[in-house]
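J.: What follows is model27.txt, made up of compact mmCIF, C-alpha atoms:
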```txt
# COMPACT_ATOMS: atom_id res chain seq x y z
CA MET A 1 11.21 168.96 3.26
CA SER A 2 14.20 171.30 3.26
CA LEU A 3 13.88 174.33 5.51
CA THR A 4 14.70 177.78 4.14
CA PHE A 5 16.77 180.32 6.07
CA HIS A 6 17.04 184.04 5.44
CA TRP A 7 19.26 186.59 7.18
CA PHE A 8 18.76 190.32 7.80
CA LEU A 9 20.46 193.46 6.46
CA PRO A 10 20.67 196.01 9.31
CA THR A 11 20.02 199.17 7.30
CA ASN A 12 19.40 200.96 10.61
CA GLY A 13 23.01 200.32 11.66
CA ASP A 14 24.72 197.46 13.45
CA SER A 15 26.55 196.97 16.72
CA ARG A 16 27.80 194.55 19.34
CA HIS A 17 24.80 195.87 21.28
CA VAL A 18 21.13 195.70 20.30
CA VAL A 19 20.13 198.44 17.87
CA GLY A 20 16.66 199.49 18.92
CA GLY A 21 13.96 201.32 17.01
CA GLY A 22 11.19 200.43 14.62
CA HIS A 23 7.41 200.75 14.76
CA GLY A 24 7.54 204.49 15.02
CA THR A 25 10.52 204.64 17.40
CA PRO A 26 13.94 205.87 16.20
CA ALA A 27 17.04 203.71 15.97
CA THR A 28 19.09 203.87 19.15
CA ALA A 29 22.58 205.38 19.35
CA SER A 30 24.18 201.96 19.02
CA GLY A 31 23.17 202.01 15.35
CA ARG A 32 26.06 204.39 14.74
CA ASP A 33 28.64 201.81 15.84
CA ARG A 34 28.66 200.20 12.40
CA PRO A 35 26.92 202.53 9.93
CA PRO A 36 24.86 200.79 7.22
CA THR A 37 27.22 201.52 4.36
CA VAL A 38 26.95 199.57 1.12
CA ALA A 39 30.39 198.13 1.85
CA TYR A 40 29.41 196.78 5.28
CA LEU A 41 25.98 195.54 4.23
CA SER A 42 27.59 193.80 1.26
CA GLN A 43 30.01 192.09 3.63
CA ILE A 44 27.06 190.71 5.61
CA ALA A 45 25.25 189.72 2.40
CA ARG A 46 28.26 187.84 1.03
CA ALA A 47 28.69 186.01 4.33
CA ALA A 48 25.01 185.02 4.34
CA GLU A 49 25.29 183.84 0.74
CA ASP A 50 28.34 181.69 1.46
CA LEU A 51 26.81 180.17 4.59
CA GLY A 52 23.65 179.02 2.83
CA PHE A 53 21.02 181.64 3.58
CA VAL A 54 18.59 181.98 0.68
CA GLY A 55 17.72 185.63 1.13
CA ALA A 56 18.09 188.70 3.34
CA LEU A 57 15.26 190.81 4.74
CA THR A 58 15.68 194.56 4.48
CA PRO A 59 13.34 196.63 6.71
CA THR A 60 11.30 199.71 5.87
CA GLY A 61 10.45 202.85 7.79
CA ALA A 62 11.83 206.18 8.92
CA TRP A 63 14.34 204.43 11.21
CA CYS A 64 16.42 202.87 8.40
CA GLU A 65 17.75 203.36 4.90
CA ASP A 66 15.43 202.85 1.93
CA ALA A 67 15.14 199.14 1.15
CA TRP A 68 14.73 199.36 -2.64
CA LEU A 69 17.79 201.55 -3.21
CA THR A 70 19.98 199.75 -0.70
CA THR A 71 19.29 196.24 -1.97
CA ALA A 72 19.71 197.34 -5.58
CA MET A 73 23.24 198.44 -4.71
CA VAL A 74 24.10 195.47 -2.48
CA SER A 75 22.82 193.04 -5.11
CA GLN A 76 25.71 194.06 -7.35
CA HIS A 77 28.16 192.68 -4.78
CA THR A 78 26.49 189.26 -4.48
CA GLU A 79 25.68 186.44 -6.89
CA ARG A 80 22.95 184.19 -5.50
CA LEU A 81 21.45 185.85 -2.42
CA LYS A 82 17.86 187.03 -2.79
CA PHE A 83 16.55 190.22 -1.21
CA LEU A 84 13.34 190.26 0.80
CA VAL A 85 12.54 193.92 0.29
CA ALA A 86 10.07 195.39 2.77
CA PHE A 87 7.90 198.12 1.31
CA ARG A 88 4.67 199.94 2.10
CA PRO A 89 1.96 199.87 -0.58
CA GLY A 90 0.63 203.32 0.33
CA PHE A 91 3.85 205.07 -0.64
CA VAL A 92 4.02 204.11 -4.32
CA SER A 93 1.50 203.39 -7.06
CA PRO A 94 0.78 199.70 -7.72
CA THR A 95 1.70 200.02 -11.40
CA LEU A 96 5.04 201.62 -10.57
CA ALA A 97 5.73 199.02 -7.88
CA ALA A 98 4.98 196.20 -10.33
CA GLN A 99 7.35 197.84 -12.82
CA MET A 100 10.08 198.30 -10.18
CA ALA A 101 9.82 194.64 -9.24
CA SER A 102 10.07 193.62 -12.89
CA THR A 103 13.18 195.75 -13.37
CA PHE A 104 14.74 194.38 -10.18
CA GLN A 105 14.22 190.82 -11.40
CA ARG A 106 15.89 191.49 -14.75
CA GLN A 107 18.85 193.37 -13.29
CA THR A 108 19.55 190.81 -10.53
CA GLY A 109 18.74 187.57 -12.28
CA GLY A 110 15.46 187.02 -10.43
CA ARG A 111 16.61 187.70 -6.87
CA LEU A 112 13.70 189.76 -5.53
CA LEU A 113 11.24 188.73 -2.82
CA LEU A 114 8.67 191.24 -1.56
CA ASN A 115 7.69 191.79 2.06
CA VAL A 116 4.46 193.80 2.02
CA VAL A 117 4.21 196.00 5.13
CA THR A 118 0.87 197.75 5.51
CA GLY A 119 2.11 199.99 8.33
CA GLY A 120 0.87 199.75 11.91
CA GLU A 121 1.65 203.29 13.10
CA SER A 122 -0.59 206.09 11.86
CA HIS A 123 1.72 208.86 13.07
CA GLU A 124 4.60 207.44 11.02
CA GLN A 125 2.34 206.95 7.98
CA ARG A 126 1.19 210.57 8.19
CA ALA A 127 4.79 211.73 8.03
CA TYR A 128 4.85 210.18 4.55
CA GLY A 129 1.55 211.79 3.55
CA ASP A 130 -0.67 208.76 4.26
CA PHE A 131 -3.71 209.66 6.38
CA LEU A 132 -5.77 206.45 6.19
CA ASP A 133 -6.55 204.58 9.39
CA LYS A 134 -5.16 201.08 9.90
CA ASP A 135 -8.13 199.06 8.61
CA ASP A 136 -8.33 201.24 5.50
CA ARG A 137 -4.60 200.78 4.96
CA TYR A 138 -5.13 197.02 4.93
CA ARG A 139 -8.04 197.33 2.50
CA ARG A 140 -5.83 199.45 0.27
CA THR A 141 -3.15 196.77 0.49
CA GLY A 142 -5.67 194.26 -0.84
CA GLU A 143 -6.48 196.49 -3.80
CA PHE A 144 -2.77 197.08 -4.36
CA LEU A 145 -1.99 193.37 -4.49
CA GLU A 146 -4.99 192.72 -6.73
CA ILE A 147 -3.61 195.20 -9.27
CA VAL A 148 0.00 194.05 -8.99
CA ARG A 149 -0.89 190.37 -9.31
CA GLN A 150 -2.91 191.02 -12.47
CA LEU A 151 -0.11 193.13 -13.96
CA TRP A 152 2.42 190.39 -13.29
CA ASP A 153 0.06 187.97 -15.06
CA GLY A 154 0.37 190.13 -18.17
CA LYS A 155 -3.15 191.54 -17.96
CA THR A 156 -4.32 195.04 -18.76
CA VAL A 157 -5.91 196.31 -15.57
CA ASP A 158 -8.83 198.67 -15.03
CA LEU A 159 -9.78 198.89 -11.37
CA ALA A 160 -11.73 201.54 -9.49
CA GLY A 161 -11.43 200.55 -5.85
CA GLU A 162 -12.22 202.25 -2.58
CA HIS A 163 -8.67 203.59 -2.32
CA LEU A 164 -6.86 202.88 -5.61
CA ARG A 165 -7.80 203.48 -9.22
CA VAL A 166 -5.94 202.57 -12.40
CA GLU A 167 -6.99 202.64 -16.03
CA ASP A 168 -5.41 200.76 -18.92
CA ALA A 169 -2.49 199.70 -16.69
CA LYS A 170 -0.07 197.16 -18.14
CA LEU A 171 3.60 196.22 -18.08
CA ALA A 172 5.79 196.33 -21.17
CA ARG A 173 8.00 193.61 -19.70
CA LEU A 174 6.92 191.01 -17.13
CA PRO A 175 9.07 189.91 -14.18
CA GLU A 176 10.81 186.57 -14.51
CA PRO A 177 10.19 184.92 -12.18
CA VAL A 178 7.22 186.63 -10.55
CA PRO A 179 8.43 187.71 -7.06
CA GLU A 180 6.97 185.82 -4.14
CA VAL A 181 4.99 187.97 -1.72
CA TYR A 182 5.63 187.76 2.04
CA PHE A 183 3.23 189.35 4.50
CA GLY A 184 2.43 189.42 8.20
CA GLY A 185 -0.40 190.73 10.34
CA SER A 186 -2.44 189.65 13.35
CA SER A 187 -5.69 191.55 12.85
CA PRO A 188 -8.77 189.99 11.18
CA VAL A 189 -8.45 192.17 8.08
CA ALA A 190 -4.76 191.20 7.77
CA GLY A 191 -5.74 187.54 7.80
CA ASP A 192 -8.18 188.09 4.95
CA ILE A 193 -5.52 189.83 2.84
CA ALA A 194 -3.01 187.05 3.50
CA ALA A 195 -5.47 184.35 2.53
CA LYS A 196 -6.26 185.98 -0.82
CA TYR A 197 -2.96 187.32 -2.08
CA VAL A 198 0.29 186.24 -0.42
CA ASP A 199 2.66 183.32 -0.86
CA VAL A 200 4.28 183.26 2.59
CA TYR A 201 2.64 184.35 5.84
CA LEU A 202 5.19 185.63 8.38
CA THR A 203 4.80 185.74 12.14
CA TRP A 204 7.10 187.18 14.77
CA GLY A 205 8.71 184.77 17.20
CA GLU A 206 5.96 183.97 19.65
CA PRO A 207 5.98 180.74 21.72
CA PRO A 208 5.10 177.63 19.69
CA ALA A 209 1.54 177.33 21.03
CA GLN A 210 0.70 180.85 19.86
CA VAL A 211 2.40 180.29 16.51
CA ALA A 212 0.35 177.10 16.04
CA GLU A 213 -2.85 179.10 16.59
CA LYS A 214 -1.82 181.63 13.97
CA ILE A 215 -0.96 178.95 11.43
CA ALA A 216 -4.32 177.23 11.96
CA TRP A 217 -6.12 180.56 11.59
CA ILE A 218 -4.43 181.51 8.31
CA ARG A 219 -4.65 177.99 6.91
CA GLY A 220 -8.39 178.01 7.49
CA LEU A 221 -8.84 181.38 5.79
CA ALA A 222 -6.67 180.36 2.83
CA ALA A 223 -8.58 177.09 2.40
CA LYS A 224 -11.80 179.09 1.99
CA GLU A 225 -10.08 180.92 -0.88
CA GLY A 226 -8.90 177.64 -2.40
CA ARG A 227 -5.29 178.51 -1.67
CA THR A 228 -2.34 177.01 0.23
CA LEU A 229 0.26 179.25 1.85
CA ARG A 230 3.73 178.66 3.27
CA PHE A 231 4.63 179.93 6.73
CA GLY A 232 7.70 181.72 8.04
CA ILE A 233 8.89 183.12 11.36
CA ARG A 234 11.03 186.14 12.23
CA LEU A 235 13.52 185.63 15.08
CA HIS A 236 16.85 186.80 16.40
CA VAL A 237 19.45 184.18 17.35
CA ILE A 238 22.21 183.87 19.93
CA THR A 239 23.83 180.48 19.41
CA ARG A 240 27.15 179.32 20.87
CA ASP A 241 29.12 176.14 21.46
CA THR A 242 27.54 175.82 24.91
CA SER A 243 24.29 176.98 26.45
CA ALA A 244 26.18 178.87 29.16
CA GLU A 245 28.08 180.89 26.57
CA ALA A 246 24.87 181.79 24.73
CA TRP A 247 23.06 182.94 27.85
CA ALA A 248 26.12 184.91 28.96
CA GLU A 249 25.89 186.79 25.67
CA ALA A 250 22.16 187.41 26.15
CA ASN A 251 22.85 188.77 29.62
CA ARG A 252 25.63 190.99 28.26
CA LEU A 253 23.17 192.49 25.78
CA LEU A 254 20.58 192.95 28.53
CA GLU A 255 23.09 194.74 30.76
CA GLY A 256 23.67 197.20 27.93
CA PHE A 257 20.02 198.35 27.94
CA ASP A 258 19.91 201.79 29.49
CA SER A 259 16.87 202.09 31.78
CA GLU A 260 15.79 205.41 30.27
CA THR A 261 16.03 203.97 26.76
CA VAL A 262 13.89 200.98 27.75
CA LYS A 263 11.33 203.30 29.33
CA SER A 264 11.23 205.57 26.29
CA VAL A 265 11.00 202.74 23.75
CA GLN A 266 8.31 200.92 25.72
CA ALA A 267 6.26 204.10 26.02
CA GLY A 268 6.49 204.58 22.26
CA LEU A 269 5.60 200.99 21.44
CA ALA A 270 2.66 201.01 23.88
CA ARG A 271 0.98 203.47 21.50
CA SER A 272 1.36 201.09 18.57
CA GLU A 273 -1.80 200.22 16.62
CA SER A 274 -0.21 196.95 15.48
CA GLU A 275 -1.79 193.89 17.08
CA GLY A 276 1.41 191.96 16.38
CA GLN A 277 3.41 194.60 18.27
CA GLN A 278 1.05 194.44 21.23
CA ARG A 279 1.47 190.65 21.28
CA MET A 280 5.24 191.17 21.38
CA LEU A 281 4.95 193.62 24.28
CA ALA A 282 2.79 191.17 26.23
CA LEU A 283 5.60 188.61 26.19
CA HIS A 284 7.79 190.67 28.54
CA GLY A 285 5.50 193.36 29.96
CA GLY A 286 8.38 195.84 29.98
CA SER A 287 10.16 193.87 32.72
CA ARG A 288 13.70 192.49 32.72
CA ASP A 289 12.52 189.49 34.74
CA GLY A 290 11.20 186.21 33.36
CA LEU A 291 12.40 186.86 29.83
CA GLU A 292 12.79 183.17 28.88
CA ILE A 293 9.16 182.71 27.84
CA HIS A 294 9.64 179.21 26.39
CA PRO A 295 12.73 176.98 26.50
CA ASN A 296 15.48 178.88 24.65
CA LEU A 297 13.07 181.66 23.57
CA TRP A 298 14.15 185.00 25.06
CA ALA A 299 12.01 188.17 24.91
CA GLY A 300 14.78 190.58 25.90
CA ILE A 301 15.31 192.13 22.47
CA GLY A 302 11.78 193.54 22.56
CA LEU A 303 12.65 195.80 25.50
CA VAL A 304 14.44 198.20 23.15
CA ARG A 305 13.36 197.15 19.65
CA GLY A 306 10.03 197.33 17.88
CA GLY A 307 8.82 194.51 15.68
CA ALA A 308 10.63 191.21 16.11
CA GLY A 309 11.53 191.12 19.80
CA THR A 310 12.47 187.52 20.62
CA ALA A 311 15.62 185.46 20.16
CA LEU A 312 16.50 181.79 20.17
CA VAL A 313 19.24 181.47 22.79
CA GLY A 314 21.25 178.34 23.52
CA SER A 315 23.82 175.88 22.33
CA HIS A 316 23.84 174.97 18.66
CA GLU A 317 22.05 171.73 19.51
CA GLU A 318 19.37 173.53 21.55
CA VAL A 319 18.73 176.13 18.85
CA ALA A 320 18.48 173.37 16.25
CA GLU A 321 15.89 171.62 18.44
CA ARG A 322 13.79 174.78 18.74
CA ILE A 323 13.90 175.21 14.98
CA LYS A 324 12.68 171.66 14.57
CA GLU A 325 9.90 172.38 17.07
CA TYR A 326 8.67 175.30 14.95
CA ALA A 327 9.10 173.29 11.76
CA ALA A 328 6.85 170.58 13.21
CA LEU A 329 4.09 173.20 13.45
CA GLY A 330 4.39 174.02 9.75
CA ILE A 331 7.05 176.75 9.70
CA GLU A 332 9.17 176.30 6.57
CA GLU A 333 11.07 179.59 6.39
CA PHE A 334 13.12 181.28 9.12
CA VAL A 335 14.09 184.96 8.86
CA LEU A 336 16.90 185.41 11.37
CA SER A 337 19.24 188.09 12.68
CA GLY A 338 21.67 188.75 15.53
CA TYR A 339 23.98 191.40 16.94
CA PRO A 340 26.32 192.04 15.30
CA HIS A 341 24.87 190.62 12.10
CA LEU A 342 28.16 189.67 10.49
CA GLU A 343 29.48 187.59 13.40
CA GLU A 344 26.12 186.05 14.32
CA ALA A 345 25.60 184.88 10.74
CA TYR A 346 28.75 182.79 11.13
CA TRP A 347 27.78 181.48 14.58
CA PHE A 348 24.47 180.21 13.18
CA GLY A 349 25.74 179.19 9.77
CA GLU A 350 28.67 177.18 11.09
CA GLY A 351 27.05 175.97 14.30
CA VAL A 352 23.38 175.20 13.59
CA LEU A 353 23.00 174.67 9.85
CA PRO A 354 25.40 171.68 9.70
CA ARG A 355 23.36 169.95 12.40
CA LEU A 356 20.16 170.47 10.45
CA ALA A 357 21.89 169.27 7.28
CA ALA A 358 23.04 166.11 9.05
CA GLU A 359 19.39 165.36 9.87
CA GLY A 360 18.33 165.90 6.27
CA ILE A 361 16.05 168.88 6.94
CA TRP A 362 18.29 171.54 5.38
CA ARG A 363 20.62 171.66 2.42
CA HIS A 364 22.83 174.41 1.10
CA PRO A 365 21.08 176.18 -1.80
CA ALA A 366 24.34 176.10 -3.80
CA GLY A 367 24.24 172.29 -3.82
CA GLY A 368 27.34 170.48 -2.61
CA GLN A 369 28.71 173.51 -0.78
CA GLN A 370 28.26 173.40 2.99
CA PRO A 371 29.34 175.62 5.88
CA ALA A 372 32.87 174.91 7.02
CA GLU A 373 31.97 172.86 10.09
CA ALA A 374 29.87 170.48 7.98
CA GLN A 375 32.88 169.65 5.83
CA VAL A 376 34.85 168.32 8.78
CA PRO A 377 33.78 164.99 10.32
CA PHE A 378 33.28 164.99 14.06
CA ALA A 379 36.03 163.29 16.01
CA GLY A 380 34.95 160.99 18.78
```
How does this structure look as structure tokens?
T.:
Amino acid sequence: MSLTFHWFLPTNGDSRHVVGGGHGTPATASGRDRPPTVAYLSQIARAAEDLGFVGALTPTGAWCEDAWLTTAMVSQHTERLKFLVAFRPGFVSPTLAAQMASTFQRQTGGRLLLNVVTGGESHEQRAYGDFLDKDDRYRRTGEFLEIVRQLWDGKTVDLAGEHLRVEDAKLARLPEPVPEVYFGGSSPVAGDIAAKYVDVYLTWGEPPAQVAEKIAWIRGLAAKEGRTLRFGIRLHVITRDTSAEAWAEANRLLEGFDSETVKSVQAGLARSESEGQQRMLALHGGSRDGLEIHPNLWAGIGLVRGGAGTALVGSHEEVAERIKEYAALGIEEFVLSGYPHLEEAYWFGEGVLPRLAAEGIWRHPAGGQQPAEAQVPFAG
């Protein structure tokens, strides 16, 4: 088995400090340090491509730039990198979304992956004209994926669902290849949707025991549908030549968290309807103490950022060991990020990936090409 690694495009801005926001909370002021221009995002994307990342996740929401438009532009400055485009089914018709995906595949040479985000915050959804409650949004997502899947199969679709209705829907040109669908969710209805429709189930970076429970849960639901899914995890990373250097960087980031910002962000996230977000909040409880919740797993990011709130922190060897620990549970894909995203891509790509390659559990998707450190034999 060869593990797959994806990076992240910070379309909410980048910084040497943590850029907060997400899940209904706005991006923090640090997001203005490095604005998310096409030029800067393309620089990150090219670095990720060279280092051996397969794709790059682009978020969705009011806190960041539009993922479809941004990745369409950045794709023209890269050659191999795929784009894991996050989008919300309630904001666009399923037939149009299927058509957009087909166009994206043709114009990029098949480099689209789709991250379906149902939306866990009703107040943010209402700002976009979506007034369904959370469970109904998930049921609509199921109908959406049912329509899109049939369209991608070349079928003519007539469906009158609880929330969506199409008649005589079909695509003039099919996507090649059909984009893989990524999806995450911790509620019972989310599990049912994942089991029926998605290719990769994503979880945020909880401790291994909790991740193992999620994997077992989704595997069981998928088996009842006669399906097998892959599993991925979303994490930040702070990896350095030594453990002390990595933790010094984590502490530097923590010292940059303004108390009022932490208080404001935590108050906003406490109102979240997302079960996954509530699980993230429970890992730190809003406190700066006891943030290493598992060896090398740090919950500090979640003090100021919604969504993914944990980071792997340690030496390159320690981070590689934690990745292997998650892989042993069944995690095959890792969606990573770090502040700032350009520099941290190199720290991970040149520090951790060669160690995983040496153990035969990762290989560069371009074949013989390897990150620079892997090309130089160790001395002594």
J.: Each residue of region 191-214 of chain A with at least one atom at most 12 Å from region 268-284 of chain A should appear once, together with its nearest atom pair and the corresponding distance in Å (one decimal); atoms considered: only C-alpha atoms; ordering: chain, then increasing residue number; output as a tab-separated table.
T.:
```
residue	atom	partner	partner_atom	distance
A:Gly191	CA	A:Glu275	CA	11.9
A:Leu202	CA	A:Gly276	CA	10.9
A:Thr203	CA	A:Gly276	CA	8.3
A:Trp204	CA	A:Gly276	CA	7.6
A:Gly205	CA	A:Met280	CA	8.4
A:Glu206	CA	A:Met280	CA	7.4
A:Pro207	CA	A:Leu283	CA	9.1
A:Gln210	CA	A:Arg279	CA	9.9
A:Val211	CA	A:Arg279	CA	11.4
A:Lys214	CA	A:Gly276	CA	11.1
```
J.: Have a look at CA of Pro35 (chain A) and CA of Glu65 (chain A) and let me know their distance in Å, one decimal.
T.: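 About the pair CA of Pro35 (chain A) and CA of Glu65 (chain A): they are 10.5 Å apart.
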J.: Which distance in Å separates CA of Leu254 (chain A) and CA of Ala320 (chain A), to one decimal?
T.: 23.2 Å
J.: What does the distance from CA of Gly109 (chain A) to CA of Pro365 (chain A) come to in Å, to one decimal?
T.: 15.7 Å
J.: Excluding region 69-72 of chain A and its own-chain neighbours fewer than 2 positions away, which residues fall within 10 Å of it when counting only C-alpha atoms? Please give them as a PyMOL selection string.
T.: chain A and resi 9+11+36-38+41-42+45+56-58+65-67+74-77+82-85+104+107-108+112
J.: Give me the residues within 10 Å of Asp153 (chain A) as a ChimeraX atom specification, counting all atoms listed in the file and dropping any in the same chain fewer than 6 places off.
T.: /A:147,170-171,174-175,178
J.: With all atoms listed in the file as the atoms that count, which of A:Glu317, A:Asp50, A:Glu344, A:Glu332 lies nearest to Ala358 (chain A)?
T.: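 Between A:Glu317, A:Asp50, A:Glu344, A:Glu332, the residue approaching Ala358 (chain A) most closely is A:Glu317.
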J.: Pick out the closest residue to Glu255 (chain A) from this set: A:His17, A:Gly90, A:Arg363, A:Gly52. Count all atoms listed in the file.
T.: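 The closest residue to Glu255 (chain A) is A:His17.
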J.: Considering only C-alpha atoms, state which residue in the set A:Glu318, A:Met1, A:Leu96, A:Ser243 is at the smallest distance from Ala357 (chain A).
T.: A:Met1
